[in-house]
>>> print(open('data-v3.cif').read())   # mmCIF, C-alpha atoms
data_model
loop_
_atom_site.label_atom_id
_atom_site.label_comp_id
_atom_site.auth_asym_id
_atom_site.auth_seq_id
_atom_site.Cartn_x
_atom_site.Cartn_y
_atom_site.Cartn_z
CA MET M 20 80.57 125.64 44.43
CA THR M 21 79.50 127.20 47.72
CA ASP M 22 82.43 128.08 49.98
CA TYR M 23 81.73 126.60 53.41
CA LYS M 24 85.32 126.67 54.59
CA THR M 25 85.55 130.43 55.12
CA PRO M 26 82.57 130.78 57.49
CA LEU M 27 83.52 127.55 59.22
CA ARG M 28 87.08 128.73 59.77
CA LYS M 29 85.73 131.95 61.28
CA PHE M 30 83.35 130.00 63.54
CA ILE M 31 86.17 127.76 64.76
CA GLN M 32 88.53 130.66 65.31
CA ASP M 33 85.89 132.72 67.15
CA ASN M 34 84.28 129.90 69.14
CA PHE M 35 87.12 127.52 69.97
CA GLN M 36 90.30 129.57 69.73
CA MET M 37 88.73 132.84 70.91
CA GLY M 38 91.50 135.01 69.56
CA SER M 39 93.98 133.23 71.81
CA GLY M 40 96.78 133.24 69.29
CA ALA M 41 96.51 129.49 68.85
CA ALA M 42 98.47 128.15 65.91
CA ALA M 43 96.87 128.48 62.49
CA PHE M 44 95.41 125.33 60.99
CA SER M 45 95.24 124.25 57.38
CA ASP M 46 92.17 123.13 55.50
CA ALA M 47 93.34 119.54 55.81
CA ASP M 48 94.32 119.56 59.49
CA SER M 49 92.41 117.20 61.78
CA PHE M 50 90.61 119.14 64.50
CA MET M 51 91.00 116.17 66.83
CA THR M 52 94.70 115.59 66.20
CA ARG M 53 95.44 119.30 66.50
CA ARG M 54 93.32 119.39 69.68
CA ILE M 55 91.20 122.21 68.34
CA ILE M 56 87.84 120.48 68.92
CA ASP M 57 86.93 117.76 71.43
CA SER M 58 83.78 115.64 71.42
CA THR M 59 81.69 118.32 73.16
CA GLY M 60 83.04 120.79 70.65
CA PHE M 61 81.81 118.60 67.80
CA LEU M 62 78.30 118.91 69.23
CA GLU M 63 78.74 122.69 69.05
CA LEU M 64 79.98 122.37 65.49
CA VAL M 65 77.00 120.21 64.53
CA MET M 66 74.61 122.74 66.05
CA PHE M 67 76.33 125.47 64.02
CA LEU M 68 75.96 123.46 60.79
CA GLU M 69 72.31 122.73 61.48
CA GLU M 70 71.43 126.32 62.40
CA THR M 71 73.48 127.98 59.66
CA TRP M 72 72.70 125.75 56.69
CA ALA M 73 69.42 124.12 57.76
CA VAL M 74 70.80 120.61 57.49
CA THR M 75 70.15 117.71 59.86
CA VAL M 76 73.27 115.74 60.70
CA ALA M 77 72.23 112.10 61.00
CA ASP M 78 73.72 109.84 63.69
CA ASP M 79 75.67 107.83 61.12
CA GLU M 80 77.09 111.05 59.68
CA MET M 81 78.83 111.88 63.01
CA VAL M 82 82.16 110.57 61.73
CA PRO M 83 85.58 112.17 61.28
CA GLU M 84 85.34 111.68 57.51
CA ASN M 85 82.55 114.29 57.49
CA LEU M 86 83.46 116.64 60.33
CA ASP M 87 87.14 116.50 61.31
CA SER M 88 88.69 119.12 58.99
CA LEU M 89 87.61 122.07 56.90
CA GLU M 90 88.08 119.96 53.76
CA ALA M 91 85.93 117.18 55.22
CA LEU M 92 83.23 119.69 56.17
CA GLN M 93 83.34 121.30 52.73
CA GLY M 94 82.84 117.90 51.12
CA TYR M 95 80.14 116.85 53.56
CA LEU M 96 78.07 120.02 53.19
CA THR M 97 78.48 120.00 49.43
CA ARG M 98 77.18 116.44 49.26
CA LYS M 99 74.46 117.17 51.76
CA ARG M 100 73.15 120.37 50.20
CA GLY M 101 74.22 119.92 46.60
CA ALA M 102 76.91 122.04 44.97
CA MET Q 30 109.64 81.60 71.79
CA THR Q 31 106.27 83.24 71.13
CA ALA Q 32 105.00 85.78 73.67
CA ARG Q 33 101.66 84.95 75.29
CA PRO Q 34 98.77 86.73 73.59
CA LEU Q 35 97.08 89.58 75.40
CA GLY Q 36 94.88 88.22 78.17
CA PRO Q 37 93.82 88.74 81.78
CA HIS Q 38 97.19 87.43 83.01
CA VAL Q 39 98.76 90.84 82.24
CA LEU Q 40 96.72 92.25 85.13
CA ASP Q 41 97.82 89.65 87.68
CA LEU Q 42 98.95 91.18 90.96
CA ASP Q 43 100.64 89.97 94.12
CA LEU Q 44 97.51 90.89 96.07
CA THR Q 45 99.02 90.55 99.53
CA ALA Q 46 101.92 92.79 98.63
CA GLU Q 47 99.64 95.30 96.94
CA VAL Q 48 97.37 95.56 99.98
CA ASP Q 49 100.41 96.12 102.18
CA ARG Q 50 101.78 98.75 99.80
CA ILE Q 51 98.49 100.68 99.61
CA CYS Q 52 97.83 100.53 103.34
CA THR Q 53 101.32 101.73 104.23
CA TRP Q 54 100.93 104.57 101.72
CA MET Q 55 97.49 105.53 103.07
CA VAL Q 56 98.71 105.89 106.63
CA ASP Q 57 101.73 107.88 105.54
CA ALA Q 58 99.66 110.17 103.30
CA VAL Q 59 96.95 110.84 105.85
CA ALA Q 60 99.25 111.23 108.86
CA ASN Q 61 102.32 112.88 107.38
CA THR Q 62 101.12 114.72 104.26
CA LEU Q 63 97.53 115.64 105.08
CA HIS Q 64 97.78 115.65 108.88
CA ARG Q 65 94.26 114.23 109.38
CA ARG Q 66 93.14 111.77 112.04
CA GLY Q 67 91.20 109.24 109.99
CA VAL Q 68 89.22 108.82 106.77
CA ILE Q 69 85.73 109.35 105.36
CA ILE Q 70 84.43 106.84 102.84
CA ALA Q 71 81.16 107.23 100.95
CA MET Q 72 79.94 103.72 100.27
CA SER Q 73 77.85 103.17 97.15
CA GLY Q 74 77.71 99.42 97.57
CA GLY Q 75 79.88 99.03 94.47
CA VAL Q 76 83.17 97.25 94.34
CA ASP Q 77 85.41 100.34 94.20
CA SER Q 78 84.17 102.08 97.34
CA SER Q 79 83.88 98.75 99.14
CA VAL Q 80 87.49 97.86 98.40
CA CYS Q 81 88.59 101.34 99.49
CA ALA Q 82 86.69 100.94 102.74
CA ALA Q 83 88.25 97.55 103.38
CA LEU Q 84 91.72 98.91 102.66
CA ALA Q 85 91.07 101.82 105.01
CA VAL Q 86 90.07 99.48 107.81
CA ARG Q 87 93.25 97.46 107.24
CA ALA Q 88 95.29 100.65 107.28
CA PHE Q 89 93.71 102.59 110.13
CA GLY Q 90 91.49 100.19 112.08
CA THR Q 91 87.72 100.47 112.40
CA ALA Q 92 87.76 103.40 114.83
CA LYS Q 93 89.31 105.80 112.30
CA VAL Q 94 87.08 105.01 109.32
CA TYR Q 95 83.69 106.71 109.03
CA GLY Q 96 81.26 105.51 106.38
CA ILE Q 97 78.42 107.41 104.72
CA LEU Q 98 75.58 106.10 102.57
CA LEU Q 99 74.12 108.77 100.29
CA PRO Q 100 71.11 107.48 98.34
CA GLU Q 101 68.85 109.69 96.26
CA ARG Q 102 65.64 109.31 94.23
CA ASP Q 103 67.21 107.51 91.25
CA SER Q 104 69.70 105.26 93.00
CA SER Q 105 68.81 101.63 93.49
CA HIS Q 106 67.74 100.61 97.00
CA LYS Q 107 70.18 97.74 96.53
CA SER Q 108 73.04 100.23 96.60
CA ALA Q 109 72.32 101.52 100.09
CA ASP Q 110 71.57 97.97 101.27
CA ARG Q 111 74.90 96.74 99.95
CA GLY Q 112 76.71 99.76 101.36
CA ALA Q 113 75.24 99.02 104.79
CA MET Q 114 76.19 95.38 104.40
CA VAL Q 115 79.79 96.38 103.76
CA GLY Q 116 79.76 98.74 106.74
CA ASP Q 117 78.47 95.97 108.98
CA HIS Q 118 80.88 93.46 107.48
CA LEU Q 119 83.84 95.74 108.18
CA GLY Q 120 82.59 96.79 111.60
CA ILE Q 121 82.83 100.53 110.98
CA THR Q 122 80.53 103.32 112.11
CA TYR Q 123 78.40 104.65 109.26
CA GLU Q 124 75.29 106.71 108.71
CA LEU Q 125 72.75 107.13 105.95
CA GLN Q 126 71.70 110.52 104.61
CA ASP Q 127 69.08 110.68 101.86
CA ILE Q 128 70.22 113.53 99.61
CA ALA Q 129 67.04 113.58 97.49
CA PRO Q 130 65.49 116.57 99.35
CA THR Q 131 68.71 118.56 98.89
CA LEU Q 132 68.85 117.65 95.20
CA ALA Q 133 65.22 118.62 94.75
CA ALA Q 134 65.79 121.93 96.52
CA ILE Q 135 68.76 122.81 94.32
CA GLY Q 136 66.81 121.96 91.16
CA CYS Q 137 68.60 118.80 90.06
CA TYR Q 138 65.55 116.78 89.03
CA GLN Q 139 63.56 119.74 87.68
CA GLN Q 140 66.44 121.04 85.53
CA ARG Q 141 67.19 117.58 84.18
CA ASP Q 142 63.55 116.83 83.38
CA GLU Q 143 63.03 120.20 81.73
CA ALA Q 144 65.89 119.43 79.32
CA ILE Q 145 64.53 115.94 78.63
CA ARG Q 146 61.09 117.37 77.85
CA ARG Q 147 62.63 119.49 75.11
CA VAL Q 148 63.45 116.16 73.43
CA PHE Q 149 60.49 114.07 74.64
CA PRO Q 150 57.64 116.50 75.52
CA ALA Q 151 55.56 113.82 77.26
CA TYR Q 152 58.34 112.95 79.74
CA GLY Q 153 57.19 113.33 83.35
CA ASP Q 154 56.02 111.42 86.41
CA GLY Q 155 56.32 107.67 86.00
CA TRP Q 156 58.88 107.89 83.20
CA LYS Q 157 62.47 106.69 83.50
CA CYS Q 158 65.59 107.79 81.66
CA LYS Q 159 69.28 107.21 81.09
CA LEU Q 160 72.09 108.49 78.90
CA ALA Q 161 73.96 106.22 76.51
CA ILE Q 162 77.18 106.97 74.63
CA ALA Q 163 77.47 106.21 70.92
CA GLY Q 164 79.87 106.77 68.08
CA GLY Q 165 83.40 106.38 69.39
CA ALA Q 166 83.54 102.60 69.59
CA LYS Q 167 82.52 102.41 65.94
CA GLY Q 168 85.04 104.91 64.67
CA GLY Q 169 82.71 107.88 64.86
CA ILE Q 170 82.64 110.97 67.04
CA ASN Q 171 81.25 110.42 70.52
CA TYR Q 172 77.77 111.73 71.23
CA PHE Q 173 75.08 110.92 73.76
CA LYS Q 174 71.57 109.60 73.34
CA ILE Q 175 68.78 110.01 75.86
CA VAL Q 176 66.84 106.79 76.39
CA VAL Q 177 63.39 107.09 78.00
CA GLN Q 178 60.83 104.57 79.15
CA SER Q 179 57.19 105.64 79.38
CA PRO Q 180 54.93 104.34 82.17
CA ASP Q 181 53.54 101.68 79.80
CA GLY Q 182 57.08 100.35 79.27
CA THR Q 183 57.69 101.75 75.78
CA ILE Q 184 61.36 102.56 75.17
CA ASP Q 185 62.44 105.39 72.87
CA GLU Q 186 65.75 107.15 72.27
CA LYS Q 187 67.09 110.21 70.48
CA ARG Q 188 70.47 111.85 70.00
CA LEU Q 189 70.90 114.83 72.30
CA GLY Q 190 71.70 118.24 70.92
CA LEU Q 191 74.35 120.33 72.60
CA LYS Q 192 72.13 122.39 74.90
CA GLU Q 193 70.04 119.48 76.14
CA TYR Q 194 73.11 117.27 76.64
CA LEU Q 195 74.94 119.90 78.65
CA GLN Q 196 71.91 120.73 80.81
CA ILE Q 197 71.16 117.09 81.63
CA VAL Q 198 74.78 116.45 82.59
CA ALA Q 199 75.03 119.70 84.55
CA ALA Q 200 71.85 118.93 86.48
CA THR Q 201 72.83 115.33 87.15
CA ASN Q 202 76.29 116.40 88.33
CA HIS Q 203 74.57 117.95 91.35
CA LYS Q 204 74.32 114.39 92.69
CA GLN Q 205 78.07 113.81 92.87
CA ARG Q 206 78.71 117.34 94.13
CA ILE Q 207 76.13 117.21 96.92
CA ARG Q 208 77.50 113.84 97.98
CA LYS Q 209 80.96 115.37 98.18
CA THR Q 210 79.63 118.31 100.19
CA VAL Q 211 78.25 115.90 102.77
CA GLU Q 212 81.50 113.92 102.80
CA TYR Q 213 83.50 117.05 103.52
CA TYR Q 214 81.06 118.09 106.25
CA HIS Q 215 81.95 114.91 108.09
CA ALA Q 216 85.64 115.25 107.19
CA ASP Q 217 85.72 118.75 108.67
CA ARG Q 218 83.70 117.69 111.69
CA LEU Q 219 86.03 114.81 112.49
CA ASN Q 220 89.28 116.27 111.11
CA TYR Q 221 89.43 113.35 108.69
CA ALA Q 222 90.57 113.01 105.07
CA VAL Q 223 88.16 112.06 102.25
CA ILE Q 224 88.83 108.95 100.20
CA GLY Q 225 88.17 109.13 96.46
CA THR Q 226 87.35 105.79 94.89
CA PRO Q 227 88.08 105.92 91.15
CA ASN Q 228 89.73 102.91 89.57
CA ARG Q 229 92.24 103.37 86.76
CA LEU Q 230 89.68 103.16 83.95
CA GLU Q 231 87.59 105.89 85.51
CA TYR Q 232 90.58 108.06 86.40
CA ASP Q 233 92.28 107.73 83.02
CA GLN Q 234 89.17 108.17 80.93
CA GLY Q 235 87.69 111.01 82.96
CA PHE Q 236 84.66 109.15 84.22
CA PHE Q 237 84.02 111.44 87.17
CA VAL Q 238 82.52 114.81 88.01
CA LYS Q 239 84.92 117.65 88.61
CA ASN Q 240 84.53 118.80 92.23
CA GLY Q 241 82.12 115.91 92.68
CA ASP Q 242 83.33 112.34 92.93
CA GLY Q 243 86.58 113.61 91.40
CA ALA Q 244 87.32 115.57 94.59
CA ALA Q 245 89.16 113.77 97.36
CA ASP Q 246 92.23 113.88 99.53
CA ILE Q 247 93.53 110.41 98.67
CA LYS Q 248 92.68 108.02 95.81
CA PRO Q 249 94.02 104.62 96.84
CA ILE Q 250 92.99 102.56 93.78
CA ALA Q 251 93.39 105.08 90.94
CA HIS Q 252 96.38 103.10 89.67
CA LEU Q 253 94.50 99.78 89.55
CA TYR Q 254 92.52 98.42 86.62
CA LYS Q 255 88.95 97.44 87.43
CA THR Q 256 89.83 93.75 87.04
CA GLN Q 257 92.47 94.19 89.74
CA VAL Q 258 89.96 95.93 92.02
CA TYR Q 259 87.66 92.91 91.72
CA ALA Q 260 90.61 90.66 92.54
CA LEU Q 261 91.30 92.75 95.65
CA ALA Q 262 87.61 92.51 96.63
CA HIS Q 263 87.88 88.72 96.69
CA HIS Q 264 91.28 88.84 98.40
CA LEU Q 265 89.88 91.14 101.10
CA LYS Q 266 86.96 88.74 101.54
CA LEU Q 267 84.23 91.27 100.84
CA PRO Q 268 80.69 89.85 100.55
CA ASP Q 269 79.95 88.05 97.28
CA GLU Q 270 77.19 90.54 96.43
CA VAL Q 271 79.89 93.22 96.26
CA ALA Q 272 82.83 91.23 94.93
CA ASN Q 273 80.75 89.99 92.00
CA ALA Q 274 78.63 93.11 91.43
CA THR Q 275 78.19 94.41 87.87
CA PRO Q 276 79.40 98.02 87.65
CA THR Q 277 76.56 100.50 87.18
CA THR Q 278 76.35 104.28 87.21
CA ASP Q 279 73.44 104.28 89.69
CA THR Q 280 72.75 107.82 88.54
CA TYR Q 281 69.77 107.51 86.18
CA SER Q 282 66.40 105.91 86.83
CA LEU Q 283 66.76 103.31 84.05
CA ALA Q 284 69.25 100.53 84.74
CA GLN Q 285 72.54 101.38 83.10
CA GLY Q 286 75.91 99.67 82.83
CA GLN Q 287 79.07 101.79 82.87
CA ASP Q 288 80.03 100.49 79.43
CA GLU Q 289 76.69 101.60 78.03
CA PHE Q 290 77.01 105.03 79.59
CA TYR Q 291 80.63 105.80 78.92
CA PHE Q 292 83.11 103.06 78.08
CA ALA Q 293 83.47 101.48 74.68
CA LEU Q 294 83.66 97.91 75.99
CA PRO Q 295 82.72 95.94 79.11
CA TYR Q 296 85.22 96.70 81.88
CA ASN Q 297 87.23 93.48 81.61
CA GLN Q 298 87.87 94.08 77.91
CA MET Q 299 88.35 97.81 78.39
CA ASP Q 300 90.99 97.07 81.04
CA LEU Q 301 92.96 94.97 78.57
CA ALA Q 302 92.62 97.53 75.78
CA LEU Q 303 93.80 100.33 78.07
CA TRP Q 304 96.68 98.22 79.41
CA ALA Q 305 97.72 97.35 75.85
CA HIS Q 306 97.54 100.98 74.78
CA ASN Q 307 99.56 102.07 77.81
CA HIS Q 308 102.20 99.44 77.00
CA GLY Q 309 102.48 100.35 73.33
CA LEU Q 310 100.98 97.18 71.91
CA PRO Q 311 99.68 97.43 68.34
CA ALA Q 312 95.93 97.33 67.73
CA GLY Q 313 96.35 93.90 66.18
CA ASP Q 314 97.33 92.45 69.54
CA VAL Q 315 94.17 93.88 71.12
CA ALA Q 316 92.10 92.46 68.27
CA ALA Q 317 93.60 88.99 68.77
CA GLY Q 318 93.33 89.15 72.56
CA LEU Q 319 89.73 90.34 72.65
CA GLY Q 320 88.44 88.52 69.58
CA ILE Q 321 87.48 91.73 67.77
CA SER Q 322 88.44 93.13 64.38
CA VAL Q 323 91.61 95.18 63.95
CA ASP Q 324 89.47 98.13 62.85
CA HIS Q 325 87.43 97.86 66.03
CA ALA Q 326 90.64 97.76 68.10
CA ARG Q 327 91.89 100.88 66.30
CA PHE Q 328 88.60 102.61 67.09
CA ILE Q 329 89.01 101.68 70.76
CA TYR Q 330 92.53 103.15 70.82
CA SER Q 331 91.25 106.29 69.14
CA ASP Q 332 88.38 106.50 71.62
CA ILE Q 333 90.78 106.21 74.57
CA GLU Q 334 92.75 109.17 73.24
CA SER Q 335 89.60 111.13 72.44
CA LYS Q 336 88.29 110.74 76.00
CA ARG Q 337 91.67 111.76 77.43
CA ARG Q 338 91.57 114.94 75.35
CA THR Q 339 87.95 115.75 76.19
CA THR Q 340 88.35 115.18 79.94
CA HIS Q 341 91.75 116.82 80.38
CA TYR Q 342 89.89 119.75 81.93
CA LEU Q 343 88.48 117.52 84.67
CA HIS Q 344 91.97 116.71 85.93
CA ALA Q 345 93.29 120.24 85.61
CA ARG Q 346 94.06 122.18 88.77
CA PRO Q 347 93.14 125.87 88.77
CA VAL Q 348 95.44 127.61 86.33
CA LEU Q 349 97.59 130.45 87.71
CA VAL Q 350 99.27 133.27 85.84
CA GLU Q 351 102.54 132.14 87.39
CA PRO Q 352 103.50 129.54 89.98
CA VAL Q 353 103.22 130.55 93.62
CA THR Q 354 106.12 128.39 94.62
CA GLU Q 355 106.00 129.26 98.31
CA VAL Q 356 102.83 127.18 98.76
CA CYS Q 357 102.40 124.83 95.82
CA GLY Q 358 105.94 124.02 94.76
#
>>> encode(input="data-v3.cif", output="structure tokens")
Amino acid sequence: MTDYKTPLRKFIQDNFQMGSGAAAFSDADSFMTRRIIDSTGFLELVMFLEETWAVTVADDEMVPENLDSLEALQGYLTRKRGA
Amino acid sequence: MTARPLGPHVLDLDLTAEVDRICTWMVDAVANTLHRRGVIIAMSGGVDSSVCAALAVRAFGTAKVYGILLPERDSSHKSADRGAMVGDHLGITYELQDIAPTLAAIGCYQQRDEAIRRVFPAYGDGWKCKLAIAGGAKGGINYFKIVVQSPDGTIDEKRLGLKEYLQIVAATNHKQRIRKTVEYYHADRLNYAVIGTPNRLEYDQGFFVKNGDGAADIKPIAHLYKTQVYALAHHLKLPDEVANATPTTDTYSLAQGQDEFYFALPYNQMDLALWAHNHGLPAGDVAAGLGISVDHARFIYSDIESKRRTTHYLHARPVLVEPVTEVCG
């Protein structure tokens, strides 16, 4: 199975936390609850997904169940692109 | 005894006492904290700025309240007409300055249209547009759609990508910032304070432009729900056209309600949901009070928190390495 979590974690750490020493987050942590990504940040995340893995995130796929944790993103991209 | 279900009664105010409280506070703030000699009020013709103007006249008298009407290319002519009507009704001095040439010179319309054309290449003269929020009220993640109308009346819409969304908002924010620049010109000229006119929904949910309509010296109705502002408009005997006006953004060329642009529900329902959330009521009470599903009520609560997180930056003062206590406490 393709590992999406590692490059996504690096993107989030580089782009949102910017080496600020923000607390580490687990694969299951909600980006919203942990205040790592806000709604504008999710647009950045979607752009990253679309540019990196050539997927198109549909309007009805813009839900926390697909995007709000590394585990959710791993599952979403796996379903979207096939294992 | 069963408590009354959630309803508009929770927003009932002693309007006479509230007007007295606000007016006493305004005079004290302007005279003793800000040390200004009067107030500037930009009048959009909407209920919030009209109520603020009426409160200012009660507090300071007509001679110390200066009104400004600031229309531009996309604002409705009804807005300036209603603003002038309020100025006349209150008996204050006001002037109109069309800010469209300034906005054109700074690139507002060109930068916005260039971003829209990346989504709809045919967009140009004769077309209209607006932004609409989606996602949050249905349990999703908030995003914005651009809605366009071609000269033949055809409507189309698409979700905005990050770059286009940010550019359209950045360009459009020139409108609120240029207005504020003009307001502060008059404030400096007259040694007056500037009134900011957000109601509680707007203030809490970050429905304002940082250093644009968010900038002001006093904000007399930021603690009041929109429903309460309408009640004050009637109490203060403002013209019916204002006291019964539907809230709009008056920022995009297509007609647009504030709920469509930003809020998850019409203002009267959003007021109750926000009040309930602020008072710790469970989502089930909101569902029963508004006649919506419990899931929908949970989504509204989640959306309120999401908007607070996203717009925290708008409220933030400049961040210092350490407090400079000699000047800012």
>>> interface_residues(input="data-v3.cif", of="chain Q", to="chain M", cutoff="8 Å", atoms="only C-alpha atoms", output="VMD selection string")
chain Q and resid 164 168 to 172 188 190 to 191 335 338 to 339
>>> closest_residue(input="data-v3.cif", among="Q:Ser78, Q:Thr131, Q:Ser108, Q:Gln126", to="Lys204 of chain Q", atoms="all atoms listed in the file")
Q:Thr131
>>> resolve_selection(input="data-v3.cif", expression="the PyMOL selection byres ((chain Q and resi 263) around 12)", output="list of chain:residue names")
Q:Leu44, Q:Thr45, Q:Val76, Q:Ser79, Q:Val80, Q:Ala83, Q:Thr256, Q:Gln257, Q:Val258, Q:Tyr259, Q:Ala260, Q:Leu261, Q:Ala262, Q:His264, Q:Leu265, Q:Lys266, Q:Leu267, Q:Pro268, Q:Asp269, Q:Glu270, Q:Val271, Q:Ala272, Q:Asn273, Q:Ala274
>>> resolve_selection(input="data-v3.cif", expression="the PyMOL selection byres ((chain Q and resi 255) around 10)", output="list in words")
Leu40, Val76, Asp77, Pro227, Asn228, Arg229, Leu230, Glu231, Ile250, Ala251, His252, Leu253, Tyr254, Thr256, Gln257, Val258, Tyr259, Ala260, Leu261, Pro276, Tyr296, Asn297, Met299 and Asp300 of chain Q
>>> resolve_selection(input="data-v3.cif", expression="the PyMOL selection byres ((chain M and resi 43) around 12)", output="list in words")
Arg28, Lys29, Ile31, Gln32, Gln36, Gly38, Ser39, Gly40, Ala41, Ala42, Phe44, Ser45, Asp46, Ala47, Asp48, Phe50, Arg53 and Ile55 of chain M
>>> residues_around(input="data-v3.cif", residues="Thr91 of chain Q", least_positions_apart="5", cutoff="8 Å", atoms="only C-alpha atoms", output="PyMOL selection string")
chain Q and resi 86+119-122
>>> closest_residue(input="data-v3.cif", among="M:Leu89, M:Leu96, M:Leu27, M:Met37", to="Thr75 of chain M", atoms="all atoms listed in the file")
M:Leu96
>>> build_atoms(input="data-v3.cif", residues="segment 60-80 of chain M", atoms="N, CA and C atoms", output="tab-separated table (two decimals), keeping the file's coordinate frame")
chain	number	residue	atom	x	y	z
M	60	GLY	N	82.92	119.78	71.69
M	60	GLY	CA	83.04	120.79	70.65
M	60	GLY	C	82.40	120.36	69.34
M	61	PHE	N	82.47	119.07	69.03
M	61	PHE	CA	81.81	118.60	67.80
M	61	PHE	C	80.29	118.77	67.89
M	62	LEU	N	79.74	118.64	69.10
M	62	LEU	CA	78.30	118.91	69.23
M	62	LEU	C	78.00	120.38	68.94
M	63	GLU	N	78.91	121.26	69.37
M	63	GLU	CA	78.74	122.69	69.05
M	63	GLU	C	78.85	122.92	67.55
M	64	LEU	N	79.81	122.23	66.93
M	64	LEU	CA	79.98	122.37	65.49
M	64	LEU	C	78.74	121.88	64.74
M	65	VAL	N	78.20	120.75	65.17
M	65	VAL	CA	77.00	120.21	64.53
M	65	VAL	C	75.83	121.18	64.68
M	66	MET	N	75.69	121.77	65.86
M	66	MET	CA	74.61	122.74	66.05
M	66	MET	C	74.80	123.93	65.11
M	67	PHE	N	76.05	124.35	64.93
M	67	PHE	CA	76.33	125.47	64.02
M	67	PHE	C	75.95	125.09	62.58
M	68	LEU	N	76.31	123.90	62.16
M	68	LEU	CA	75.96	123.46	60.79
M	68	LEU	C	74.45	123.44	60.61
M	69	GLU	N	73.75	122.89	61.61
M	69	GLU	CA	72.31	122.73	61.48
M	69	GLU	C	71.59	124.08	61.49
M	70	GLU	N	72.09	125.01	62.31
M	70	GLU	CA	71.43	126.32	62.40
M	70	GLU	C	71.80	127.21	61.21
M	71	THR	N	73.03	127.07	60.72
M	71	THR	CA	73.48	127.98	59.66
M	71	THR	C	72.99	127.54	58.29
M	72	TRP	N	73.02	126.22	58.03
M	72	TRP	CA	72.70	125.75	56.69
M	72	TRP	C	71.46	124.86	56.64
M	73	ALA	N	70.69	124.84	57.73
M	73	ALA	CA	69.42	124.12	57.76
M	73	ALA	C	69.55	122.67	57.31
M	74	VAL	N	70.64	122.04	57.75
M	74	VAL	CA	70.80	120.61	57.49
M	74	VAL	C	70.54	119.85	58.80
M	75	THR	N	70.24	118.58	58.69
M	75	THR	CA	70.15	117.71	59.86
M	75	THR	C	71.25	116.67	59.75
M	76	VAL	N	72.15	116.70	60.70
M	76	VAL	CA	73.27	115.74	60.70
M	76	VAL	C	72.77	114.43	61.32
M	77	ALA	N	72.71	113.40	60.52
M	77	ALA	CA	72.23	112.10	61.00
M	77	ALA	C	73.26	111.44	61.91
M	78	ASP	N	72.80	110.52	62.76
M	78	ASP	CA	73.72	109.84	63.69
M	78	ASP	C	74.90	109.21	62.94
M	79	ASP	N	74.59	108.54	61.82
M	79	ASP	CA	75.67	107.83	61.12
M	79	ASP	C	76.56	108.78	60.31
M	80	GLU	N	76.23	110.06	60.34
M	80	GLU	CA	77.09	111.05	59.68
M	80	GLU	C	78.05	111.71	60.68
